[in-house]
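Asker: Have a look at this one.
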Amino acid sequence: DELKALIESNKDLVLIDVRSDGEVAGGRIPGAIHIPNPDDFKAKYGAAKPPLNAPHMVFYCQSGGRSMMATRKAVQKGYTARNYDGAYSEWSRKQRN
């Protein structure tokens with residue numbers, strides 16, 4: 001519920017999906033950028049790399065482990081970032097209800 005409210009209230013939110021291509025094929029959170037490997041960011045994803053001062057950045061994966069690592073890495077690089085602890089598994093379950 002917190003992530004849904006954040007998505008609805010922040011047009012500048014950067015929502016980053018770090019799941020595999022196969023997992024993403026099963027569904028995704030609307031508006032998310034899928035980034036399994038950030039090398040050659042713009043060429044590969046067609047989106048500019050978020051600036052260090054991006055005000056809202058949330059990472060998610062299928063169950064929370066990879067997105068936690070990605071969040072930590074982003075914070076180490078100077079970003080203000082959060083991990084969606086519920087992960088895609090929680091999101092998809094709540095969307096079905």
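The chains in the structure tokens are called A, B, ... from first to last as shown; in each chain the residues are counted from 1, and the ligands are counted from 1 in the order shown.
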Would you give me, as a PyMOL selection string, the residues in stretch 2-43 of chain A that DSSP reads as strand (DSSP E)?

Answerer: chain A and resi 13-17+33-34

Asker: I'd like the neighbourhood of stretch 56-73 of chain A as a list of chain:residue names, where a residue qualifies if any of its atoms comes within 6 Å (using only C-alpha atoms), though same-chain residues fewer than 4 positions away should be ignored.

Answerer: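 Once the adjacent positions are removed, what remains is A:Leu13, A:Val14, A:Leu15, A:Ile16, A:Asp17, A:Val18, A:Arg19, A:Ala81, A:Arg82, A:Asn83, A:Tyr84, A:Asp85, A:Ala87, A:Tyr88, A:Ser89.
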
Asker: Can you measure atom CA of A:Arg93 to atom CA of A:Gly27 for me? One decimal in Å is fine.

Answerer: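 Going from atom CA of A:Arg93 over to atom CA of A:Gly27, I get 11.4 Å.
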
Asker: From chain A, collect each residue whose DSSP state is helix (DSSP H, G or I) and return the set as a PyMOL selection string.

Answerer: chain A and resi 2-9+21-25+41-45+65-76+87-96

Asker: What's around A:Asp12 at 12 Å? Count only C-alpha atoms, leave out sequence neighbours fewer than 6 positions away in its own chain, and write the answer as a list of chain:residue names.

Answerer: A:Leu6, A:Gly31, A:Ala32, A:Pro50, A:Pro51, A:Asn53, A:Ala54, A:Pro55, A:His56, A:Met57, A:Val58
